[in-house]
Amino acid sequence: MSDTVYRTYMTDELGPLPFCPGCGHERLLKELNRALIQLQPDPSSVVIVSDIGCIGLADRYFITNAFHGLHGRSLTYATGLKLARPELTVIVLMGDGGCGIGGTHLLNAARRNVDITLIIANNFNYGMTGGQHSVTTPSEGVTSTTPSGNIETAMDLCAITIGAGAGWAYRGLGYDNDLAERMVEAINHAGFAMLDIWELCTAYYMPRNDLNKRALYEMIESSGMKVGLLASSDRPSFEVAYRGRAPTGSAPKELISIDPDLPHSLNSQTGIVIAGSAGQKIRSTATVFALAAILSGLKATQKDDYPITIMTGHSLAEINLSPNAIQYTAIESPDYFLVISEDGLKKTTPWIRGLPATCQLIVDSELSIPATQANVQKLPFASAAREIGRLSIGIIALASLLAKTGVFSIEALQQAISKYQSGQVAATNIQAVTKGEQLYQAG
Amino acid sequence: MGLEFIDGNQAIVRGAIAAGCCFFAGYPITPASTILQYMLDQLPRSGGVALQAEDEIAAIGFCIGASMAGRKAMTATSGPGISLYSENIGLATIGETPLVIVDVQRQGPATGSATKGAEGDIQFSRWVTSGGLPVIALSPATVAEAYELTYRAFNFAEQFRVPVFLLSSKEISLTRETVDLDEVNLPGVLERPRMEEGEIYQPHAFDRPEQIPALSDFGAAQVTRYTTSTHDKSGYLTTDPAVIQEMIDHYAAKIETAVDEICLYSEDLQTGADQLLLSYGVTSRAASVAVDHMRSAGKKVSSLVLQTLYPVPEQVIRGALAGISKVVVPEMNMGQYRLEIDRLAPDGVEVVGVNKMDTTLISPTEILNQGDLL
């Protein structure tokens, strides 16, 4: 810790504050300065993140770090800064305009509870762009975009952030005597803290609405919105809770390497299509089949196709196997084509119609296929799967294919299942391999 | 590591972590969501932070904040999310923020087909933000390249203080392949130039326009500034036209003068060939099959595959076009990168597009037939 005592955190190197005479921002910033003087942080450990709008001119008048980003997004940068360096004190200065365009960030910052202090300089309109109405413009308020009075309702910023889970929320006026102390409390709060500070915009909102200091007090009273400290809880901040929950230890199982030591019979690239239904484990089945091929010294690709719904509709996997590197990952002319469900059949019917005579088409016995030149064989995959487990139908079909073609060994498929699947899934699939082999031999 | 059977999104996460990524924020979107899933699982294991944001704007905002606090950061989305990143990509450009942006392309426009592949965001990545300043965009063709180019994207982001695009697609990100990532040749990990402690800091200091200013992290010993507004070298807002132009020239020069260093490609030029197949991304794999087919049939053909799309490797393309009378450019879009080839091809060179946007891969046969290559 440095022994330096900071008598101010503001600088006049850039001249006086740039605000209109009487603007509430000047007093607000001086109160923030008082709060910082009380707290005495090293300026390099503080970031003032300023939003767009008149209040966004403020950061340069402080000797702390300054981050001036896009309109409404200041809470997002503040979140990134704080999560990257939890030791930083992060203070966001935002106007009521930012609360509108960045409304979702306001709600989610409250909900997420990263340790950020948000000071809202709320003067009921957009001062920088010509006095347009904002989300906090009172009903009947006159602005350049509500010339006959605002027909929308003012948003209660404290109520919505508290509703979204804010652990600390305060509403007051820019004239309040204890503002600096409230800012100190907010900065010291270990979580998201927000102050909704009502002020005068002397350029636009004040003259158009006959507002003055006294009328501002009356306005806050008649608004029905509560003032003072409105929420205070000790919910752990996101960054503290995160470290307690995040995964630790080594990388997950999926990254286990493969040592190929089993035989295969392929001389060239071979394309296999398996067409079934979502929920039939087509993708994981195709993956374990490809892993078995890799255990046999082959290269593999697996390209899946499925609708955005997860448990309904078709699920299709295109598997290429080759002793050499595989380039094109789709299959122009499949060597083997397995159809194991009605959804899969429906999706691939145009493809089946055009299959060449060189293609072995192996179809579940219960399905009626369209006319095709492919070499068709029907096997009772579905009924076999009903005996040992509905989700093993893909393994049954692929084991039959291996028994029929000897592309690689049945043993490789058994090894891949044992190695890369676990528990009941592995046990059922081992049975399914045997079943598939038997189906081909019987068929 | 040895052999593995992983998809492109897994490879992207592995490449990012190998490059030193320690911050990730994303918003769920098919086909990029699994990058978020893998990051949530893997980054905290090495002390990093990964989280889901409330939307894409927040996701990239978190990353910009984290990057300026000294963390190597990445976000990932698909075309719809790039639209929402747009304004913040401008911020990262003007603020000179190292950042990796993964675009797992899917069929657009708009929501399009969430689970279907496309390469429709090529020119979008180049002109993604107001001002049109140069960007770096890399395009992998395989799972191994997804790993390598993600890693290199981090190096470029750090080296040049810019946002870098990795233009993946559903067809790479969600397709599994046999890979051995140990066999991928990677350069050393690069770190952003950093300010010496104790100096008075200028966040955008340079003597020559192409010079990369040293960064000081938010939280380091010296106070720093960052701003979305036109600013001078100290990071203070300016309206001085001379200063504004000097800064704009700097943003452009730092990439334009480093084209040779940034441009990654593989070329397979055949002596005497008068036809060239110029491709990138997953479509280059079909092009490679088409080249093999042509050569088996006794045809001479050259091939140029670009990994760096932006900045455009103009010298490399001009070199590959020497002696060529026809160049065929297959793309899963309506001819976006062909625009670059059109402007680079000398008079008399026929530029032919093979284009498709029906969500399916362009096949070797389609390239051969529509390119009239046999």
# chains A, B, ... in the order shown; residues from 1 in each chain; ligands from 1
>>> residues_around(residues="B:His250", least_positions_apart="5", cutoff="8 Å", atoms="only C-alpha atoms", output="list of chain:residue names")
B:Pro209, B:Glu210, B:Gln211
>>> write_last_selection(atoms="C-alpha atoms", output="CSV table (one decimal), in the first residue's frame")
chain,number,residue,atom,x,y,z
B,209,PRO,CA,1.7,4.7,-38.1
B,210,GLU,CA,2.2,0.9,-38.3
B,211,GLN,CA,3.7,0.7,-34.9
>>> interface_residues(of="chain B", to="chain A", cutoff="8 Å", atoms="only C-alpha atoms", output="ChimeraX atom specification")
/B:1-5,23,40-42,44-46,49,54,57-59,61-71,87-88,91,114-116,171,174-178,218-228,236,285-286,288-289,361,363-364
>>> atom_distance(atom1="atom CA of A:Glu366", atom2="atom CA of A:Lys281")
19.5 Å
>>> atom_distance(atom1="atom CA of A:Arg235", atom2="atom CA of A:Ile116")
13.7 Å
>>> select_by_dssp(residues="stretch 277-309 of chain A", states="strand (DSSP E or B)", output="VMD selection string")
chain A and resid 277 299 to 305
>>> atom_distance(atom1="atom CA of B:Glu119", atom2="atom CA of B:Asp358")
11.1 Å
>>> closest_atom_pairs(of="stretch 289-333 of chain B", to="stretch 273-284 of chain B", cutoff="6 Å", atoms="only C-alpha atoms", output="Markdown table")
| residue | atom | partner | partner_atom | distance |
| --- | --- | --- | --- | --- |
| B:Lys300 | CA | B:Ala273 | CA | 4.7 |
| B:Val301 | CA | B:Ala273 | CA | 4.8 |
| B:Ser302 | CA | B:Leu276 | CA | 4.7 |
| B:Ser303 | CA | B:Leu277 | CA | 4.8 |
| B:Leu304 | CA | B:Leu278 | CA | 4.8 |
| B:Val305 | CA | B:Ser279 | CA | 5.0 |
| B:Leu306 | CA | B:Tyr280 | CA | 5.1 |
| B:Ile324 | CA | B:Asp274 | CA | 4.2 |
| B:Ser325 | CA | B:Asp274 | CA | 5.3 |
| B:Lys326 | CA | B:Gln275 | CA | 4.9 |
| B:Val327 | CA | B:Leu276 | CA | 4.6 |
| B:Val328 | CA | B:Leu277 | CA | 4.9 |
| B:Val329 | CA | B:Leu278 | CA | 5.1 |
>>> write_last_selection(atoms="N, CA and C atoms", output="PDB file, in the first residue's frame")
ATOM      1  N   LYS B 300      -4.075 -30.573 -66.233  1.00  0.00           N
ATOM      2  CA  LYS B 300      -3.220 -29.794 -65.339  1.00  0.00           C
ATOM      3  C   LYS B 300      -4.065 -28.734 -64.637  1.00  0.00           C
ATOM      4  N   VAL B 301      -3.859 -28.608 -63.361  1.00  0.00           N
ATOM      5  CA  VAL B 301      -4.637 -27.619 -62.594  1.00  0.00           C
ATOM      6  C   VAL B 301      -3.828 -27.184 -61.375  1.00  0.00           C
ATOM      7  N   SER B 302      -3.940 -25.920 -61.038  1.00  0.00           N
ATOM      8  CA  SER B 302      -3.308 -25.411 -59.829  1.00  0.00           C
ATOM      9  C   SER B 302      -4.369 -25.171 -58.765  1.00  0.00           C
ATOM     10  N   SER B 303      -3.917 -25.174 -57.518  1.00  0.00           N
ATOM     11  CA  SER B 303      -4.853 -24.948 -56.419  1.00  0.00           C
ATOM     12  C   SER B 303      -4.258 -23.960 -55.425  1.00  0.00           C
ATOM     13  N   LEU B 304      -5.091 -23.038 -55.005  1.00  0.00           N
ATOM     14  CA  LEU B 304      -4.695 -22.114 -53.937  1.00  0.00           C
ATOM     15  C   LEU B 304      -5.792 -22.150 -52.879  1.00  0.00           C
ATOM     16  N   VAL B 305      -5.405 -22.493 -51.656  1.00  0.00           N
ATOM     17  CA  VAL B 305      -6.356 -22.518 -50.541  1.00  0.00           C
ATOM     18  C   VAL B 305      -5.942 -21.446 -49.546  1.00  0.00           C
ATOM     19  N   LEU B 306      -6.864 -20.543 -49.260  1.00  0.00           N
ATOM     20  CA  LEU B 306      -6.557 -19.434 -48.353  1.00  0.00           C
ATOM     21  C   LEU B 306      -7.028 -19.756 -46.945  1.00  0.00           C
ATOM     22  N   ILE B 324      -2.483 -18.157 -65.775  1.00  0.00           N
ATOM     23  CA  ILE B 324      -3.789 -18.823 -65.668  1.00  0.00           C
ATOM     24  C   ILE B 324      -4.789 -18.140 -66.603  1.00  0.00           C
ATOM     25  N   SER B 325      -5.603 -18.935 -67.281  1.00  0.00           N
ATOM     26  CA  SER B 325      -6.637 -18.306 -68.122  1.00  0.00           C
ATOM     27  C   SER B 325      -8.018 -18.400 -67.478  1.00  0.00           C
ATOM     28  N   LYS B 326      -8.169 -19.336 -66.521  1.00  0.00           N
ATOM     29  CA  LYS B 326      -9.466 -19.441 -65.841  1.00  0.00           C
ATOM     30  C   LYS B 326      -9.263 -19.788 -64.370  1.00  0.00           C
ATOM     31  N   VAL B 327      -9.944 -19.025 -63.495  1.00  0.00           N
ATOM     32  CA  VAL B 327      -9.898 -19.341 -62.070  1.00  0.00           C
ATOM     33  C   VAL B 327     -11.314 -19.648 -61.600  1.00  0.00           C
ATOM     34  N   VAL B 328     -11.459 -20.769 -60.906  1.00  0.00           N
ATOM     35  CA  VAL B 328     -12.775 -21.193 -60.409  1.00  0.00           C
ATOM     36  C   VAL B 328     -12.791 -21.007 -58.893  1.00  0.00           C
ATOM     37  N   VAL B 329     -13.819 -20.314 -58.410  1.00  0.00           N
ATOM     38  CA  VAL B 329     -13.920 -19.981 -56.983  1.00  0.00           C
ATOM     39  C   VAL B 329     -15.227 -20.571 -56.427  1.00  0.00           C
TER      40      VAL B 329
END
>>> decode(residues="stretch 89-118 of chain B", atoms="N, CA and C atoms", output="mmCIF file, in the first residue's frame")
data_model
loop_
_atom_site.group_PDB
_atom_site.id
_atom_site.type_symbol
_atom_site.label_atom_id
_atom_site.label_comp_id
_atom_site.auth_asym_id
_atom_site.auth_seq_id
_atom_site.Cartn_x
_atom_site.Cartn_y
_atom_site.Cartn_z
ATOM 1 N N ILE B 89 -17.547 -4.339 -32.161
ATOM 2 C CA ILE B 89 -16.350 -4.633 -32.970
ATOM 3 C C ILE B 89 -15.695 -3.305 -33.363
ATOM 4 N N GLY B 90 -16.528 -2.310 -33.649
ATOM 5 C CA GLY B 90 -15.997 -0.967 -33.893
ATOM 6 C C GLY B 90 -15.265 -0.436 -32.674
ATOM 7 N N LEU B 91 -15.827 -0.677 -31.507
ATOM 8 C CA LEU B 91 -15.177 -0.227 -30.264
ATOM 9 C C LEU B 91 -13.817 -0.907 -30.096
ATOM 10 N N ALA B 92 -13.785 -2.222 -30.330
ATOM 11 C CA ALA B 92 -12.521 -2.950 -30.189
ATOM 12 C C ALA B 92 -11.491 -2.446 -31.199
ATOM 13 N N THR B 93 -11.967 -2.000 -32.353
ATOM 14 C CA THR B 93 -11.054 -1.483 -33.375
ATOM 15 C C THR B 93 -10.482 -0.136 -32.946
ATOM 16 N N ILE B 94 -11.370 0.779 -32.550
ATOM 17 C CA ILE B 94 -10.900 2.124 -32.185
ATOM 18 C C ILE B 94 -10.144 2.102 -30.856
ATOM 19 N N GLY B 95 -10.496 1.143 -29.996
ATOM 20 C CA GLY B 95 -9.812 1.032 -28.706
ATOM 21 C C GLY B 95 -8.566 0.161 -28.774
ATOM 22 N N GLU B 96 -8.323 -0.440 -29.955
ATOM 23 C CA GLU B 96 -7.159 -1.327 -30.161
ATOM 24 C C GLU B 96 -7.133 -2.449 -29.113
ATOM 25 N N THR B 97 -8.224 -3.189 -29.097
ATOM 26 C CA THR B 97 -8.413 -4.258 -28.117
ATOM 27 C C THR B 97 -8.135 -5.622 -28.730
ATOM 28 N N PRO B 98 -7.192 -6.380 -28.185
ATOM 29 C CA PRO B 98 -7.003 -7.753 -28.653
ATOM 30 C C PRO B 98 -8.233 -8.597 -28.309
ATOM 31 N N LEU B 99 -8.764 -9.295 -29.295
ATOM 32 C CA LEU B 99 -10.004 -10.047 -29.072
ATOM 33 C C LEU B 99 -10.164 -11.068 -30.190
ATOM 34 N N VAL B 100 -10.574 -12.280 -29.834
ATOM 35 C CA VAL B 100 -10.861 -13.291 -30.855
ATOM 36 C C VAL B 100 -12.364 -13.507 -30.920
ATOM 37 N N ILE B 101 -12.899 -13.403 -32.136
ATOM 38 C CA ILE B 101 -14.341 -13.556 -32.371
ATOM 39 C C ILE B 101 -14.534 -14.763 -33.280
ATOM 40 N N VAL B 102 -15.188 -15.781 -32.749
ATOM 41 C CA VAL B 102 -15.459 -16.972 -33.556
ATOM 42 C C VAL B 102 -16.857 -16.836 -34.155
ATOM 43 N N ASP B 103 -16.941 -16.976 -35.463
ATOM 44 C CA ASP B 103 -18.234 -16.996 -36.157
ATOM 45 C C ASP B 103 -18.412 -18.391 -36.743
ATOM 46 N N VAL B 104 -19.243 -19.189 -36.085
ATOM 47 C CA VAL B 104 -19.565 -20.506 -36.633
ATOM 48 C C VAL B 104 -20.730 -20.267 -37.594
ATOM 49 N N GLN B 105 -20.380 -20.123 -38.852
ATOM 50 C CA GLN B 105 -21.383 -19.691 -39.829
ATOM 51 C C GLN B 105 -22.488 -20.728 -40.032
ATOM 52 N N ARG B 106 -23.690 -20.221 -40.189
ATOM 53 C CA ARG B 106 -24.837 -21.070 -40.501
ATOM 54 C C ARG B 106 -25.650 -20.369 -41.576
ATOM 55 N N GLN B 107 -26.612 -21.096 -42.118
ATOM 56 C CA GLN B 107 -27.388 -20.547 -43.232
ATOM 57 C C GLN B 107 -28.207 -19.333 -42.791
ATOM 58 N N GLY B 108 -28.001 -18.213 -43.445
ATOM 59 C CA GLY B 108 -28.790 -17.004 -43.224
ATOM 60 C C GLY B 108 -29.497 -16.647 -44.498
ATOM 61 N N PRO B 109 -30.055 -15.451 -44.620
ATOM 62 C CA PRO B 109 -30.037 -14.368 -43.632
ATOM 63 C C PRO B 109 -30.965 -14.644 -42.449
ATOM 64 N N ALA B 110 -30.865 -13.730 -41.469
ATOM 65 C CA ALA B 110 -31.698 -13.767 -40.260
ATOM 66 C C ALA B 110 -31.542 -15.112 -39.554
ATOM 67 N N THR B 111 -32.600 -15.643 -39.020
ATOM 68 C CA THR B 111 -32.489 -16.909 -38.294
ATOM 69 C C THR B 111 -32.103 -18.037 -39.242
ATOM 70 N N GLY B 112 -32.528 -17.934 -40.479
ATOM 71 C CA GLY B 112 -32.099 -18.893 -41.501
ATOM 72 C C GLY B 112 -32.355 -20.326 -41.088
ATOM 73 N N SER B 113 -31.323 -21.179 -41.244
ATOM 74 C CA SER B 113 -31.403 -22.574 -40.793
ATOM 75 C C SER B 113 -30.334 -22.779 -39.731
ATOM 76 N N ALA B 114 -30.804 -22.920 -38.491
ATOM 77 C CA ALA B 114 -29.874 -22.900 -37.362
ATOM 78 C C ALA B 114 -28.877 -24.048 -37.393
ATOM 79 N N THR B 115 -29.293 -25.199 -37.889
ATOM 80 C CA THR B 115 -28.409 -26.365 -37.810
ATOM 81 C C THR B 115 -27.723 -26.665 -39.145
ATOM 82 N N LYS B 116 -27.803 -25.724 -40.073
ATOM 83 C CA LYS B 116 -27.243 -25.995 -41.406
ATOM 84 C C LYS B 116 -26.053 -25.086 -41.701
ATOM 85 N N GLY B 117 -25.130 -25.625 -42.437
ATOM 86 C CA GLY B 117 -23.898 -24.901 -42.713
ATOM 87 C C GLY B 117 -24.038 -23.871 -43.817
ATOM 88 N N ALA B 118 -23.111 -22.925 -43.815
ATOM 89 C CA ALA B 118 -23.034 -21.904 -44.856
ATOM 90 C C ALA B 118 -21.702 -21.191 -44.702
#
